[in-house]
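Containing compact mmCIF, N, CA, C and O atoms: start23.txt.
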```txt
# COMPACT_ATOMS: atom_id res chain seq x y z
N MET A 89 -2.83 -5.25 18.86
CA MET A 89 -4.19 -5.52 18.51
C MET A 89 -4.26 -6.11 17.11
O MET A 89 -3.58 -5.65 16.21
N ILE A 90 -5.06 -7.12 17.00
CA ILE A 90 -5.30 -7.77 15.72
C ILE A 90 -6.80 -7.98 15.59
O ILE A 90 -7.42 -8.57 16.47
N TYR A 91 -7.36 -7.48 14.51
CA TYR A 91 -8.79 -7.63 14.26
C TYR A 91 -8.96 -8.48 13.01
O TYR A 91 -8.24 -8.30 12.04
N VAL A 92 -9.92 -9.40 13.04
CA VAL A 92 -10.18 -10.24 11.87
C VAL A 92 -11.68 -10.30 11.60
O VAL A 92 -12.50 -10.14 12.51
N ALA A 93 -12.01 -10.55 10.34
CA ALA A 93 -13.39 -10.75 9.93
C ALA A 93 -13.40 -11.80 8.82
O ALA A 93 -12.52 -11.80 7.96
N ARG A 94 -14.35 -12.68 8.90
CA ARG A 94 -14.50 -13.70 7.85
C ARG A 94 -15.45 -13.17 6.79
O ARG A 94 -16.48 -12.59 7.10
N THR A 95 -15.08 -13.37 5.53
CA THR A 95 -15.95 -13.03 4.41
C THR A 95 -16.21 -14.32 3.64
O THR A 95 -15.64 -15.37 3.96
N ASN A 96 -17.02 -14.25 2.61
CA ASN A 96 -17.28 -15.42 1.78
C ASN A 96 -16.03 -15.87 1.03
O ASN A 96 -15.95 -17.01 0.58
N GLU A 97 -15.07 -14.97 0.87
CA GLU A 97 -13.87 -15.27 0.08
C GLU A 97 -12.61 -15.49 0.91
O GLU A 97 -11.55 -15.77 0.36
N GLY A 98 -12.71 -15.36 2.22
CA GLY A 98 -11.54 -15.56 3.07
C GLY A 98 -11.60 -14.64 4.27
O GLY A 98 -12.63 -14.06 4.58
N VAL A 99 -10.46 -14.52 4.94
CA VAL A 99 -10.39 -13.73 6.16
C VAL A 99 -9.62 -12.44 5.89
O VAL A 99 -8.58 -12.44 5.22
N LEU A 100 -10.14 -11.36 6.44
CA LEU A 100 -9.53 -10.04 6.38
C LEU A 100 -8.97 -9.75 7.76
O LEU A 100 -9.65 -9.97 8.76
N ALA A 101 -7.74 -9.27 7.82
CA ALA A 101 -7.13 -8.89 9.10
C ALA A 101 -6.78 -7.41 9.06
O ALA A 101 -6.37 -6.89 8.02
N ILE A 102 -6.97 -6.77 10.20
CA ILE A 102 -6.59 -5.36 10.34
C ILE A 102 -5.56 -5.29 11.45
O ILE A 102 -5.84 -5.66 12.59
N ASP A 103 -4.39 -4.85 11.09
CA ASP A 103 -3.22 -4.75 11.98
C ASP A 103 -2.75 -6.12 12.45
O ASP A 103 -3.49 -7.08 12.44
N MET A 104 -1.49 -6.20 12.81
CA MET A 104 -0.85 -7.48 13.10
C MET A 104 -0.15 -7.54 14.45
O MET A 104 0.72 -8.36 14.66
N GLY A 105 -0.49 -6.66 15.37
CA GLY A 105 0.01 -6.75 16.73
C GLY A 105 1.50 -6.56 16.90
O GLY A 105 2.22 -6.20 15.98
N TRP A 106 1.96 -6.82 18.14
CA TRP A 106 3.38 -6.68 18.48
C TRP A 106 3.80 -7.82 19.38
O TRP A 106 3.64 -8.97 19.04
N SER A 107 4.30 -7.53 20.53
CA SER A 107 4.76 -8.54 21.47
C SER A 107 3.60 -9.46 21.83
O SER A 107 2.50 -8.99 22.12
N GLY A 108 3.83 -10.76 21.80
CA GLY A 108 2.77 -11.72 22.09
C GLY A 108 1.80 -11.92 20.95
O GLY A 108 0.71 -12.44 21.14
N TYR A 109 2.21 -11.55 19.74
CA TYR A 109 1.29 -11.61 18.61
C TYR A 109 0.83 -13.02 18.29
O TYR A 109 -0.28 -13.20 17.78
N ARG A 110 1.63 -14.02 18.56
CA ARG A 110 1.22 -15.40 18.22
C ARG A 110 -0.09 -15.75 18.93
O ARG A 110 -1.02 -16.27 18.34
N ARG A 111 -0.13 -15.46 20.22
CA ARG A 111 -1.34 -15.76 21.00
C ARG A 111 -2.51 -14.88 20.54
O ARG A 111 -3.63 -15.35 20.37
N SER A 112 -2.24 -13.59 20.30
CA SER A 112 -3.30 -12.68 19.86
C SER A 112 -3.85 -13.09 18.50
O SER A 112 -5.08 -13.07 18.29
N LEU A 113 -2.97 -13.45 17.58
CA LEU A 113 -3.41 -13.87 16.26
C LEU A 113 -4.21 -15.16 16.34
O LEU A 113 -5.28 -15.28 15.72
N ALA A 114 -3.73 -16.12 17.11
CA ALA A 114 -4.44 -17.39 17.25
C ALA A 114 -5.83 -17.17 17.84
O ALA A 114 -6.82 -17.75 17.37
N ARG A 115 -5.92 -16.34 18.86
CA ARG A 115 -7.21 -16.05 19.49
C ARG A 115 -8.17 -15.37 18.51
O ARG A 115 -9.35 -15.73 18.43
N ALA A 116 -7.66 -14.40 17.77
CA ALA A 116 -8.51 -13.69 16.80
C ALA A 116 -9.00 -14.65 15.72
O ALA A 116 -10.19 -14.64 15.37
N LEU A 117 -8.10 -15.46 15.20
CA LEU A 117 -8.50 -16.41 14.14
C LEU A 117 -9.46 -17.46 14.68
O LEU A 117 -10.42 -17.84 14.00
N ASP A 118 -9.21 -17.95 15.88
CA ASP A 118 -10.13 -18.92 16.49
C ASP A 118 -11.54 -18.35 16.61
O ASP A 118 -12.52 -19.08 16.46
N SER A 119 -11.64 -17.06 16.87
CA SER A 119 -12.96 -16.43 17.05
C SER A 119 -13.82 -16.48 15.79
O SER A 119 -15.04 -16.37 15.88
N VAL A 120 -13.20 -16.65 14.64
CA VAL A 120 -13.95 -16.75 13.39
C VAL A 120 -13.76 -18.12 12.73
O VAL A 120 -14.09 -18.31 11.56
N GLY A 121 -13.20 -19.06 13.48
CA GLY A 121 -13.02 -20.42 12.97
C GLY A 121 -12.06 -20.49 11.80
O GLY A 121 -12.32 -21.20 10.83
N ALA A 122 -10.95 -19.76 11.90
CA ALA A 122 -10.01 -19.68 10.77
C ALA A 122 -8.59 -20.00 11.23
O ALA A 122 -8.30 -20.08 12.42
N SER A 123 -7.72 -20.17 10.24
CA SER A 123 -6.29 -20.37 10.48
C SER A 123 -5.52 -19.31 9.69
O SER A 123 -6.10 -18.57 8.89
N THR A 124 -4.23 -19.27 9.88
CA THR A 124 -3.41 -18.30 9.16
C THR A 124 -3.53 -18.49 7.65
O THR A 124 -3.47 -17.52 6.90
N ALA A 125 -3.74 -19.71 7.21
CA ALA A 125 -3.88 -19.99 5.77
C ALA A 125 -5.13 -19.35 5.18
O ALA A 125 -5.21 -19.14 3.97
N ASP A 126 -6.11 -19.04 6.01
CA ASP A 126 -7.35 -18.44 5.54
C ASP A 126 -7.25 -16.92 5.35
O ASP A 126 -8.13 -16.32 4.73
N VAL A 127 -6.20 -16.29 5.87
CA VAL A 127 -6.07 -14.84 5.79
C VAL A 127 -5.66 -14.47 4.37
O VAL A 127 -4.59 -14.83 3.91
N ARG A 128 -6.53 -13.73 3.69
CA ARG A 128 -6.27 -13.35 2.30
C ARG A 128 -5.83 -11.90 2.16
O ARG A 128 -5.16 -11.55 1.21
N TRP A 129 -6.28 -11.03 3.11
CA TRP A 129 -5.96 -9.60 3.03
C TRP A 129 -5.58 -9.09 4.40
O TRP A 129 -6.16 -9.46 5.41
N VAL A 130 -4.60 -8.21 4.42
CA VAL A 130 -4.19 -7.55 5.66
C VAL A 130 -4.16 -6.05 5.38
O VAL A 130 -3.48 -5.60 4.45
N PHE A 131 -4.88 -5.31 6.19
CA PHE A 131 -4.87 -3.85 6.12
C PHE A 131 -4.12 -3.33 7.34
O PHE A 131 -4.46 -3.67 8.47
N LEU A 132 -3.08 -2.55 7.09
CA LEU A 132 -2.29 -1.98 8.18
C LEU A 132 -2.66 -0.51 8.32
O LEU A 132 -2.56 0.25 7.34
N THR A 133 -3.07 -0.11 9.51
CA THR A 133 -3.42 1.29 9.72
C THR A 133 -2.19 2.17 9.60
O THR A 133 -2.27 3.31 9.15
N HIS A 134 -1.05 1.64 10.03
CA HIS A 134 0.24 2.29 9.86
C HIS A 134 1.31 1.26 10.16
O HIS A 134 1.01 0.15 10.60
N SER A 135 2.55 1.59 9.91
CA SER A 135 3.60 0.58 9.97
C SER A 135 4.46 0.63 11.24
O SER A 135 5.58 0.15 11.25
N HIS A 136 3.91 1.17 12.33
CA HIS A 136 4.65 1.08 13.60
C HIS A 136 4.75 -0.38 14.02
O HIS A 136 3.88 -1.19 13.73
N ARG A 137 5.80 -0.68 14.72
CA ARG A 137 6.10 -2.04 15.15
C ARG A 137 4.94 -2.72 15.86
O ARG A 137 4.73 -3.92 15.70
N ASP A 138 4.17 -1.99 16.65
CA ASP A 138 3.06 -2.61 17.38
C ASP A 138 1.85 -2.93 16.51
O ASP A 138 0.84 -3.42 16.99
N HIS A 139 1.98 -2.71 15.22
CA HIS A 139 0.90 -3.01 14.28
C HIS A 139 1.31 -4.01 13.20
O HIS A 139 0.49 -4.35 12.36
N ILE A 140 2.56 -4.49 13.22
CA ILE A 140 3.02 -5.31 12.08
C ILE A 140 3.68 -6.63 12.46
O ILE A 140 4.06 -7.40 11.59
N ALA A 141 3.84 -6.95 13.72
CA ALA A 141 4.68 -8.08 14.13
C ALA A 141 4.28 -9.43 13.53
O ALA A 141 5.14 -10.25 13.23
N ALA A 142 3.00 -9.68 13.39
CA ALA A 142 2.56 -11.01 12.94
C ALA A 142 2.61 -11.21 11.43
O ALA A 142 2.19 -12.25 10.93
N TRP A 143 3.15 -10.26 10.69
CA TRP A 143 3.12 -10.37 9.23
C TRP A 143 3.73 -11.67 8.72
O TRP A 143 3.23 -12.23 7.74
N PRO A 144 4.81 -12.21 9.33
CA PRO A 144 5.35 -13.46 8.77
C PRO A 144 4.37 -14.63 8.81
O PRO A 144 4.42 -15.53 7.96
N ALA A 145 3.47 -14.61 9.77
CA ALA A 145 2.50 -15.71 9.90
C ALA A 145 1.47 -15.71 8.77
O ALA A 145 0.85 -16.74 8.50
N VAL A 146 1.30 -14.57 8.13
CA VAL A 146 0.30 -14.46 7.05
C VAL A 146 0.94 -13.88 5.80
O VAL A 146 0.30 -13.16 5.02
N ARG A 147 2.18 -14.20 5.57
CA ARG A 147 2.95 -13.59 4.48
C ARG A 147 2.38 -13.84 3.09
O ARG A 147 2.71 -13.13 2.16
N THR A 148 1.53 -14.83 2.93
CA THR A 148 0.94 -15.09 1.62
C THR A 148 -0.28 -14.22 1.34
O THR A 148 -0.79 -14.21 0.23
N ALA A 149 -0.74 -13.48 2.36
CA ALA A 149 -1.89 -12.59 2.18
C ALA A 149 -1.47 -11.36 1.38
O ALA A 149 -0.29 -11.03 1.27
N LYS A 150 -2.44 -10.67 0.84
CA LYS A 150 -2.18 -9.42 0.15
C LYS A 150 -2.24 -8.30 1.19
O LYS A 150 -3.21 -8.20 1.94
N PHE A 151 -1.19 -7.49 1.25
CA PHE A 151 -1.09 -6.43 2.25
C PHE A 151 -1.44 -5.09 1.64
O PHE A 151 -1.07 -4.79 0.50
N TYR A 152 -2.13 -4.28 2.44
CA TYR A 152 -2.50 -2.93 2.05
C TYR A 152 -2.00 -1.97 3.12
O TYR A 152 -2.23 -2.18 4.31
N VAL A 153 -1.31 -0.94 2.68
CA VAL A 153 -0.80 0.09 3.59
C VAL A 153 -0.73 1.39 2.81
O VAL A 153 -0.52 1.37 1.59
N GLY A 154 -0.91 2.51 3.50
CA GLY A 154 -0.82 3.80 2.83
C GLY A 154 0.55 3.99 2.21
O GLY A 154 1.57 3.52 2.74
N ALA A 155 0.61 4.67 1.07
CA ALA A 155 1.87 4.85 0.33
C ALA A 155 2.96 5.47 1.20
O ALA A 155 4.12 5.07 1.11
N ALA A 156 2.60 6.41 2.05
CA ALA A 156 3.61 7.06 2.89
C ALA A 156 4.19 6.11 3.93
O ALA A 156 5.30 6.32 4.43
N GLU A 157 3.47 5.05 4.26
CA GLU A 157 3.93 4.08 5.26
C GLU A 157 4.80 2.97 4.68
O GLU A 157 5.51 2.29 5.40
N LEU A 158 4.75 2.77 3.39
CA LEU A 158 5.47 1.66 2.76
C LEU A 158 6.97 1.66 3.06
O LEU A 158 7.51 0.62 3.45
N PRO A 159 7.70 2.77 2.95
CA PRO A 159 9.13 2.74 3.25
C PRO A 159 9.42 2.30 4.69
O PRO A 159 10.41 1.61 4.95
N HIS A 160 8.55 2.67 5.62
CA HIS A 160 8.74 2.26 7.01
C HIS A 160 8.46 0.77 7.18
O HIS A 160 9.15 0.08 7.93
N LEU A 161 7.47 0.28 6.47
CA LEU A 161 7.11 -1.14 6.55
C LEU A 161 8.23 -2.03 6.04
O LEU A 161 8.57 -3.04 6.66
N VAL A 162 8.83 -1.66 4.93
CA VAL A 162 9.86 -2.51 4.32
C VAL A 162 11.27 -2.20 4.83
O VAL A 162 12.23 -2.83 4.41
N GLY A 163 11.37 -1.21 5.73
CA GLY A 163 12.67 -0.92 6.35
C GLY A 163 13.59 -0.02 5.57
O GLY A 163 14.76 0.12 5.91
N SER A 164 13.08 0.63 4.52
CA SER A 164 13.95 1.53 3.77
C SER A 164 13.96 2.94 4.36
O SER A 164 14.70 3.80 3.89
N ALA A 165 13.13 3.17 5.38
CA ALA A 165 13.12 4.46 6.09
C ALA A 165 12.81 4.20 7.55
O ALA A 165 12.08 3.26 7.88
N SER A 166 13.37 5.00 8.42
CA SER A 166 13.09 4.91 9.86
C SER A 166 12.08 5.98 10.23
O SER A 166 12.08 7.08 9.68
N SER A 167 11.26 5.65 11.19
CA SER A 167 10.29 6.63 11.66
C SER A 167 10.99 7.67 12.53
O SER A 167 11.89 7.35 13.30
N ARG A 168 10.59 8.90 12.39
CA ARG A 168 11.14 9.96 13.23
C ARG A 168 10.28 10.19 14.47
O ARG A 168 10.67 10.93 15.35
N ALA A 169 9.11 9.57 14.52
CA ALA A 169 8.22 9.74 15.66
C ALA A 169 8.83 9.11 16.91
O ALA A 169 9.53 8.11 16.84
N TRP A 170 8.56 9.68 18.06
CA TRP A 170 9.23 9.23 19.27
C TRP A 170 8.74 7.86 19.75
O TRP A 170 9.53 7.07 20.27
N ILE A 171 7.48 7.52 19.57
CA ILE A 171 6.99 6.22 20.05
C ILE A 171 7.67 5.06 19.30
O ILE A 171 8.17 4.14 19.92
N PRO A 172 7.72 5.08 17.97
CA PRO A 172 8.43 3.99 17.28
C PRO A 172 9.92 3.92 17.64
O PRO A 172 10.48 2.85 17.75
N ARG A 173 10.55 5.08 17.84
CA ARG A 173 11.96 5.07 18.21
C ARG A 173 12.14 4.43 19.59
O ARG A 173 13.07 3.65 19.80
N MET A 174 11.26 4.72 20.53
CA MET A 174 11.33 4.12 21.86
C MET A 174 11.07 2.62 21.77
O MET A 174 11.73 1.83 22.45
N ALA A 175 10.11 2.21 20.95
CA ALA A 175 9.82 0.79 20.79
C ALA A 175 11.04 0.06 20.24
O ALA A 175 11.34 -1.06 20.67
N ASP A 176 11.77 0.67 19.33
CA ASP A 176 12.98 0.06 18.79
C ASP A 176 14.03 -0.13 19.89
O ASP A 176 14.78 -1.10 19.87
N ARG A 177 14.08 0.78 20.82
CA ARG A 177 15.05 0.65 21.92
C ARG A 177 14.64 -0.47 22.89
O ARG A 177 15.50 -1.14 23.44
N ILE A 178 13.33 -0.64 23.06
CA ILE A 178 12.84 -1.67 23.98
C ILE A 178 13.03 -3.06 23.38
O ILE A 178 13.49 -3.97 24.04
N LYS A 179 12.65 -3.21 22.13
CA LYS A 179 12.71 -4.51 21.48
C LYS A 179 13.03 -4.32 20.01
O LYS A 179 12.22 -3.85 19.24
N ARG A 180 14.24 -4.68 19.62
CA ARG A 180 14.68 -4.53 18.23
C ARG A 180 13.90 -5.41 17.32
O ARG A 180 13.65 -6.53 17.49
```
Whole structure given in structure tokens:
Amino acid sequence: MIYVARTNEGVLAIDMGWSGYRRSLARALDSVGASTADVRWVFLTHSHRDHIAAWPAVRTAKFYVGAAELPHLVGSASSRAWIPRMADRIKR
């Protein structure tokens, strides 16, 4: 899931999807008449794989994530939760 909103200063995105993110991101941005270059802020609810896949497409945006999630986002820690571990087995 990828949610976007247009503001006077640019586009805000919430979460960055997983498998098939290119199509989801394009559809979300099209809905507000924007492109990846318009995304200025990304808020991640958490850093599980199904919420972060499209980050390379908007890498110039400013990212916000809870402090406890940062090590998981940047790969310096692995999640112990079973859903992220299963997702890693399905698609590295």
Which neighbours of range 127-135 of chain A fall inside 5 Å, counting only N, CA, C and O atoms, when residues of the same chain fewer than 5 positions from it are skipped, and could you give them as a JSON list (two decimals) with N, CA, C and O atoms, in the frame of the given file?
```
[["chain", "number", "residue", "atom", "x", "y", "z"],
["A", 99, "VAL", "N", -10.46, -14.52, 4.94],
["A", 99, "VAL", "CA", -10.39, -13.73, 6.16],
["A", 99, "VAL", "C", -9.62, -12.44, 5.89],
["A", 99, "VAL", "O", -8.58, -12.44, 5.22],
["A", 100, "LEU", "N", -10.14, -11.36, 6.44],
["A", 100, "LEU", "CA", -9.53, -10.04, 6.38],
["A", 100, "LEU", "C", -8.97, -9.75, 7.76],
["A", 100, "LEU", "O", -9.65, -9.97, 8.76],
["A", 101, "ALA", "N", -7.74, -9.27, 7.82],
["A", 101, "ALA", "CA", -7.13, -8.89, 9.10],
["A", 101, "ALA", "C", -6.78, -7.41, 9.06],
["A", 101, "ALA", "O", -6.37, -6.89, 8.02],
["A", 102, "ILE", "N", -6.97, -6.77, 10.20],
["A", 102, "ILE", "CA", -6.59, -5.36, 10.34],
["A", 102, "ILE", "C", -5.56, -5.29, 11.45],
["A", 102, "ILE", "O", -5.84, -5.66, 12.59],
["A", 103, "ASP", "N", -4.39, -4.85, 11.09],
["A", 103, "ASP", "CA", -3.22, -4.75, 11.98],
["A", 103, "ASP", "C", -2.75, -6.12, 12.45],
["A", 103, "ASP", "O", -3.49, -7.08, 12.44],
["A", 149, "ALA", "N", -0.74, -13.48, 2.36],
["A", 149, "ALA", "CA", -1.89, -12.59, 2.18],
["A", 149, "ALA", "C", -1.47, -11.36, 1.38],
["A", 149, "ALA", "O", -0.29, -11.03, 1.27],
["A", 150, "LYS", "N", -2.44, -10.67, 0.84],
["A", 150, "LYS", "CA", -2.18, -9.42, 0.15],
["A", 150, "LYS", "C", -2.24, -8.30, 1.19],
["A", 150, "LYS", "O", -3.21, -8.20, 1.94],
["A", 151, "PHE", "N", -1.19, -7.49, 1.25],
["A", 151, "PHE", "CA", -1.09, -6.43, 2.25],
["A", 151, "PHE", "C", -1.44, -5.09, 1.64],
["A", 151, "PHE", "O", -1.07, -4.79, 0.50],
["A", 152, "TYR", "N", -2.13, -4.28, 2.44],
["A", 152, "TYR", "CA", -2.50, -2.93, 2.05],
["A", 152, "TYR", "C", -2.00, -1.97, 3.12],
["A", 152, "TYR", "O", -2.23, -2.18, 4.31],
["A", 153, "VAL", "N", -1.31, -0.94, 2.68],
["A", 153, "VAL", "CA", -0.80, 0.09, 3.59],
["A", 153, "VAL", "C", -0.73, 1.39, 2.81],
["A", 153, "VAL", "O", -0.52, 1.37, 1.59],
["A", 154, "GLY", "N", -0.91, 2.51, 3.50],
["A", 154, "GLY", "CA", -0.82, 3.80, 2.83],
["A", 154, "GLY", "C", 0.55, 3.99, 2.21],
["A", 154, "GLY", "O", 1.57, 3.52, 2.74],
["A", 160, "HIS", "N", 8.55, 2.67, 5.62],
["A", 160, "HIS", "CA", 8.74, 2.26, 7.01],
["A", 160, "HIS", "C", 8.46, 0.77, 7.18],
["A", 160, "HIS", "O", 9.15, 0.08, 7.93]]
```
So, counting only N, CA, C and O atoms, which residue among A:Glu157, A:Asp138, A:Asp126, A:Asp118 is closest to Glu97 in chain A?
A:Asp126
Please provide the set of residues having any atom within 4.5 Å of range 105-109 of chain A, restricted to only N, CA, C and O atoms, with same-chain residues fewer than 3 positions apart removed, written as a VMD selection string.
chain A and resid 89 112 to 113 137 to 142
Could you state the separation of atom N of Val92 in chain A and atom N of Arg111 in chain A in Å, given to one decimal place?
13.6 Å
re atom C of Ser166 in chain A and atom O of Ile178 in chain A: distance 17.1 Å
Can you tell me, as a list in words, which residues in range 100-170 of chain A count as strand (DSSP E or B) by DSSP?
Leu100, Ala101, Ile102, Val127, Arg128, Trp129, Val130, Phe131, Lys150, Phe151 and Tyr152 of chain A
Please, could you write that set of residues out with N, CA, C and O atoms as a PDB file, in the frame of the given file?
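File written: again_8.pdb
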```pdb
ATOM      1  N   LEU A 100     -10.140 -11.360   6.440  1.00  0.00           N
ATOM      2  CA  LEU A 100      -9.530 -10.040   6.380  1.00  0.00           C
ATOM      3  C   LEU A 100      -8.970  -9.750   7.760  1.00  0.00           C
ATOM      4  O   LEU A 100      -9.650  -9.970   8.760  1.00  0.00           O
ATOM      5  N   ALA A 101      -7.740  -9.270   7.820  1.00  0.00           N
ATOM      6  CA  ALA A 101      -7.130  -8.890   9.100  1.00  0.00           C
ATOM      7  C   ALA A 101      -6.780  -7.410   9.060  1.00  0.00           C
ATOM      8  O   ALA A 101      -6.370  -6.890   8.020  1.00  0.00           O
ATOM      9  N   ILE A 102      -6.970  -6.770  10.200  1.00  0.00           N
ATOM     10  CA  ILE A 102      -6.590  -5.360  10.340  1.00  0.00           C
ATOM     11  C   ILE A 102      -5.560  -5.290  11.450  1.00  0.00           C
ATOM     12  O   ILE A 102      -5.840  -5.660  12.590  1.00  0.00           O
ATOM     13  N   VAL A 127      -6.200 -16.290   5.870  1.00  0.00           N
ATOM     14  CA  VAL A 127      -6.070 -14.840   5.790  1.00  0.00           C
ATOM     15  C   VAL A 127      -5.660 -14.470   4.370  1.00  0.00           C
ATOM     16  O   VAL A 127      -4.590 -14.830   3.910  1.00  0.00           O
ATOM     17  N   ARG A 128      -6.530 -13.730   3.690  1.00  0.00           N
ATOM     18  CA  ARG A 128      -6.270 -13.350   2.300  1.00  0.00           C
ATOM     19  C   ARG A 128      -5.830 -11.900   2.160  1.00  0.00           C
ATOM     20  O   ARG A 128      -5.160 -11.550   1.210  1.00  0.00           O
ATOM     21  N   TRP A 129      -6.280 -11.030   3.110  1.00  0.00           N
ATOM     22  CA  TRP A 129      -5.960  -9.600   3.030  1.00  0.00           C
ATOM     23  C   TRP A 129      -5.580  -9.090   4.400  1.00  0.00           C
ATOM     24  O   TRP A 129      -6.160  -9.460   5.410  1.00  0.00           O
ATOM     25  N   VAL A 130      -4.600  -8.210   4.420  1.00  0.00           N
ATOM     26  CA  VAL A 130      -4.190  -7.550   5.660  1.00  0.00           C
ATOM     27  C   VAL A 130      -4.160  -6.050   5.380  1.00  0.00           C
ATOM     28  O   VAL A 130      -3.480  -5.600   4.450  1.00  0.00           O
ATOM     29  N   PHE A 131      -4.880  -5.310   6.190  1.00  0.00           N
ATOM     30  CA  PHE A 131      -4.870  -3.850   6.120  1.00  0.00           C
ATOM     31  C   PHE A 131      -4.120  -3.330   7.340  1.00  0.00           C
ATOM     32  O   PHE A 131      -4.460  -3.670   8.470  1.00  0.00           O
ATOM     33  N   LYS A 150      -2.440 -10.670   0.840  1.00  0.00           N
ATOM     34  CA  LYS A 150      -2.180  -9.420   0.150  1.00  0.00           C
ATOM     35  C   LYS A 150      -2.240  -8.300   1.190  1.00  0.00           C
ATOM     36  O   LYS A 150      -3.210  -8.200   1.940  1.00  0.00           O
ATOM     37  N   PHE A 151      -1.190  -7.490   1.250  1.00  0.00           N
ATOM     38  CA  PHE A 151      -1.090  -6.430   2.250  1.00  0.00           C
ATOM     39  C   PHE A 151      -1.440  -5.090   1.640  1.00  0.00           C
ATOM     40  O   PHE A 151      -1.070  -4.790   0.500  1.00  0.00           O
ATOM     41  N   TYR A 152      -2.130  -4.280   2.440  1.00  0.00           N
ATOM     42  CA  TYR A 152      -2.500  -2.930   2.050  1.00  0.00           C
ATOM     43  C   TYR A 152      -2.000  -1.970   3.120  1.00  0.00           C
ATOM     44  O   TYR A 152      -2.230  -2.180   4.310  1.00  0.00           O
TER      45      TYR A 152
END
```
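The shortest atom-to-atom distance to Ser119 in chain A, with only C-alpha atoms taken into account, belongs to A:Ile90 out of A:Val146, A:Ile90, A:Pro159, A:Met104.
Pairwise distance (CA of Ala125 in chain A, atom N of Thr148 in chain A) equals 8.0 Å.
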